[in-house]
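Below: one structure, written as structure tokens.
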Amino acid sequence: MKLQSSDITPREWLQSRRGALRHLLASTSALALPSFGAAQALAPTQRPGKLAPLPAKTSLLPGAQAMDKLTAYKDASGYNNFYEFGTDKSDPAANAHTLKTTPWTVDIEGLVKKPGRWALEDLLALSPMEERIYRLRCVEGWSMVIPWVGYSLAELIKRVEPLGSAKYVEFVTLADPKTMPFVGSRTLDWPYTEGLRLDEAMHPLTLLAFGMYGEILPNQNGAPLRLVVPWKYGFKSAKSIVKIRFSERQPATAWNKAAPQEYGFYSNVNPEVDHPRWSQATERRLGEDGIFGKKRKTLMFNGYQAQVGQLYAGLDLKKFY
Ligand SMILES: Nc1nc2c(c(=O)[nH]1)N[C@H]1C(S)=C(S)[C@@H](COP(=O)(O)O)O[C@H]1N2
Ligand SMILES: [Mo]
């Protein structure tokens, strides 16, 4: 039987990786192992095996291992929102092959002591890679569980030394009409931008992701690097980032500009605050429930309340949606 990542729970996934590592250590010279042995030892059948491997150690951060069943790779990479490549869920997988991810640079701008341009290679080497299994819930009502690979955005932020006046972080993503067929369409004001309060951006769960399922990100999931903010609606998790800007004022965001009464700056997952056109109380897990399957209850802060709830103490979450 061929074991698919979608058939196993994250606990089994982690245990089988440890088992594979023990087997490898017993059968080969331990000295031959590269530094992040665990992901290297991942059985090839558990990795999609389509893209370059991105070795990582398992993150021990509280909240970093959602114990729900993993979403199948084919669903996570085949059902996407990436409006630069079209508005249908199947468009990004069909069209994003044109995205050119090398060379890639990220500009750090604004209120920091160390502004400048980072090459992707230097960002990849900045901090050890961790695998984190996060729930991600789209504002449209579907959700998934993905083993991401990356490190806390805080590692990069500390390195560039924000000034005391910096209160917000803006993320600007690629808008290249030559490779992104829908940049120029009137759906959104391009480039797609997003923003976080500095304390949200510094929260250890806020992930700068370079990979998923043990491999580098597929283009349609935001290669070569993206944000993953697991307690917020999916649109806050900007894909294919080219610029990170620190500011004193709250930055504009693409969805807020497009429909301010529907998409606020905070966009924390909250089953008690409905979208003006639909309820946010329940969700469907991708691949699991089927279109007519039963819905599951959406959790406050997408299940990350213990980790992030204190960021919003005293804030009226109905007003700051
Ligand atoms: N640049 C960019 N980033 C984006 C989007 C987009 O259209 N463009 N869509 C967002 C939305 S609505 C969601 S739900 C997630 C989807 O991420 P996934 O395709 O990896 O599931 O990406 C977010 N990041
Ligand atoms: Mo979304």
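Numbering starts fresh at 1 for the residues of each chain in the structure tokens, the chains themselves are lettered A, B, ... in the order given, and ligands are numbered from 1 as they appear.
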Which residues are near ligand 1 - at most 7 Å, using only C-alpha atoms and all ligand atoms? Format: as a ChimeraX atom specification.
/A:76-77,79-84,137-139,173-174,192,220-222,233-240
With only C-alpha atoms as the counted atoms, please give the residues lying no more than 7 Å from range 261-271 of chain A, apart from itself and same-chain residues fewer than 4 positions off, as a list in words.
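My list of contacting residues is Trp231, Lys232, Tyr233, Trp255, Asn256, His275, Pro276, Gln280, Ala281, Thr298, Leu299, Met300, Phe301, Asn302, Phe320 and Tyr321 of chain A.
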I need the residue nearest Ala66 in chain A from this list: A:Arg296, A:Lys114, A:Arg226, A:Arg132. Use only C-alpha atoms for the distance.
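Closest residue, counting only C-alpha atoms: A:Arg132.
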Restricting the calculation to only C-alpha atoms and all ligand atoms, which member of A:Ser59, A:Ser143, A:Thr71, A:Gln307 is positioned closest to ligand 2?
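Among the listed residues, A:Ser143 lies closest to ligand 2.
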Would you return as a ChimeraX atom specification the members of range 84-279 of chain A that DSSP assigns to alpha helix (DSSP H) on this structure's backbone?
/A:91-95,120-124,153-160,198-202,254-258
Kindly save the residues from that selection, with C-alpha atoms included, as an mmCIF file, in the first residue's frame.
data_model
loop_
_atom_site.group_PDB
_atom_site.id
_atom_site.type_symbol
_atom_site.label_atom_id
_atom_site.label_comp_id
_atom_site.auth_asym_id
_atom_site.auth_seq_id
_atom_site.Cartn_x
_atom_site.Cartn_y
_atom_site.Cartn_z
ATOM 1 C CA ASP A 91 -6.651 28.846 -11.899
ATOM 2 C CA PRO A 92 -3.480 29.224 -9.775
ATOM 3 C CA ALA A 93 -2.453 25.574 -10.239
ATOM 4 C CA ALA A 94 -3.132 25.866 -13.977
ATOM 5 C CA ASN A 95 -1.444 29.239 -14.532
ATOM 6 C CA LEU A 120 16.317 34.708 -1.281
ATOM 7 C CA GLU A 121 19.410 32.602 -0.542
ATOM 8 C CA ASP A 122 20.269 34.805 2.446
ATOM 9 C CA LEU A 123 16.702 34.631 3.734
ATOM 10 C CA LEU A 124 16.748 30.834 3.430
ATOM 11 C CA LEU A 153 8.982 36.174 10.815
ATOM 12 C CA ALA A 154 10.280 37.598 14.132
ATOM 13 C CA GLU A 155 13.742 36.216 13.254
ATOM 14 C CA LEU A 156 13.946 38.521 10.237
ATOM 15 C CA ILE A 157 12.329 41.465 12.047
ATOM 16 C CA LYS A 158 14.854 41.267 14.910
ATOM 17 C CA ARG A 159 17.663 41.224 12.360
ATOM 18 C CA VAL A 160 16.577 44.484 10.699
ATOM 19 C CA LEU A 198 4.146 44.924 14.757
ATOM 20 C CA ASP A 199 3.274 42.773 17.804
ATOM 21 C CA GLU A 200 1.252 40.415 15.573
ATOM 22 C CA ALA A 201 4.137 40.234 13.106
ATOM 23 C CA MET A 202 6.543 39.481 15.990
ATOM 24 C CA ALA A 254 -5.783 45.070 -0.815
ATOM 25 C CA TRP A 255 -9.022 43.469 0.408
ATOM 26 C CA ASN A 256 -9.843 46.331 2.744
ATOM 27 C CA LYS A 257 -9.499 48.761 -0.170
ATOM 28 C CA ALA A 258 -11.694 46.559 -2.368
#
Minimum-distance residue to Pro204 in chain A, chosen among A:Lys167, A:Glu130, A:Glu140, A:Gly110 (using only C-alpha atoms)
A:Glu130
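With only C-alpha atoms and all ligand atoms as the atoms that count, the residue of A:Gly49, A:Gly141, A:Gly195, A:Pro62 with the shortest distance to ligand 2 is A:Gly141.
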Excluding Arg249 in chain A and its own-chain neighbours fewer than 2 positions away, which residues fall within 8 Å of it when counting only C-alpha atoms? Please give them as a list in words.
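Skipping anything fewer than 2 positions along the chain leaves Lys167, Tyr168, Ser247 and Pro251 of chain A.
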Could the residues in this selection be saved with N, CA, C and O atoms as a PDB file, in the first residue's frame?
ATOM      1  N   LYS A 167       5.171  50.745  14.187  1.00  0.00           N
ATOM      2  CA  LYS A 167       4.011  50.123  14.850  1.00  0.00           C
ATOM      3  C   LYS A 167       3.333  49.084  13.962  1.00  0.00           C
ATOM      4  O   LYS A 167       2.566  48.253  14.449  1.00  0.00           O
ATOM      5  N   TYR A 168       3.572  49.147  12.666  1.00  0.00           N
ATOM      6  CA  TYR A 168       2.910  48.254  11.708  1.00  0.00           C
ATOM      7  C   TYR A 168       3.926  47.715  10.699  1.00  0.00           C
ATOM      8  O   TYR A 168       4.980  48.325  10.478  1.00  0.00           O
ATOM      9  N   SER A 247       6.121  50.835   9.383  1.00  0.00           N
ATOM     10  CA  SER A 247       5.542  52.172   9.398  1.00  0.00           C
ATOM     11  C   SER A 247       4.916  52.491  10.749  1.00  0.00           C
ATOM     12  O   SER A 247       4.693  51.608  11.583  1.00  0.00           O
ATOM     13  N   PRO A 251      -1.096  50.363   7.575  1.00  0.00           N
ATOM     14  CA  PRO A 251      -1.057  50.381   6.108  1.00  0.00           C
ATOM     15  C   PRO A 251      -2.408  49.995   5.495  1.00  0.00           C
ATOM     16  O   PRO A 251      -3.213  49.308   6.125  1.00  0.00           O
TER      17      PRO A 251
END
CA of Leu207 in chain A to CA of Ala306 in chain A: how many Å, to one decimal?
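Computing the Euclidean distance for CA of Leu207 in chain A and CA of Ala306 in chain A yields 17.3 Å.
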Nearest to ligand 2 among A:Leu205, A:Val228, A:Val308, A:Leu196, with distances taken over only C-alpha atoms and all ligand atoms: which residue is it?
A:Val228
Calculated over only C-alpha atoms and all ligand atoms, which of the candidates A:Phe85, A:Tyr213, A:Trp278, A:Trp142 has the smallest distance to ligand 2?
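For ligand 2, the nearest of the given residues is A:Trp142.
Residue neighbourhood of Ile108 in chain A, excluding near-sequence residues (fewer than 5 positions): Lys114, Pro115, Gly116, Arg117, Trp118, Val160, Val242, Lys243, Ile244, Arg245 and Phe246 of chain A, at 9 Å, using only C-alpha atoms.
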Go through range 123-318 of chain A and collect every residue that DSSP, computed from the backbone, puts in strand (DSSP E); the answer should be as an MDAnalysis selection string.
chainID A and resid 130:137 142:152 168:173 193:197 207:212 215:216 226:228 241:247 282:285 296:297
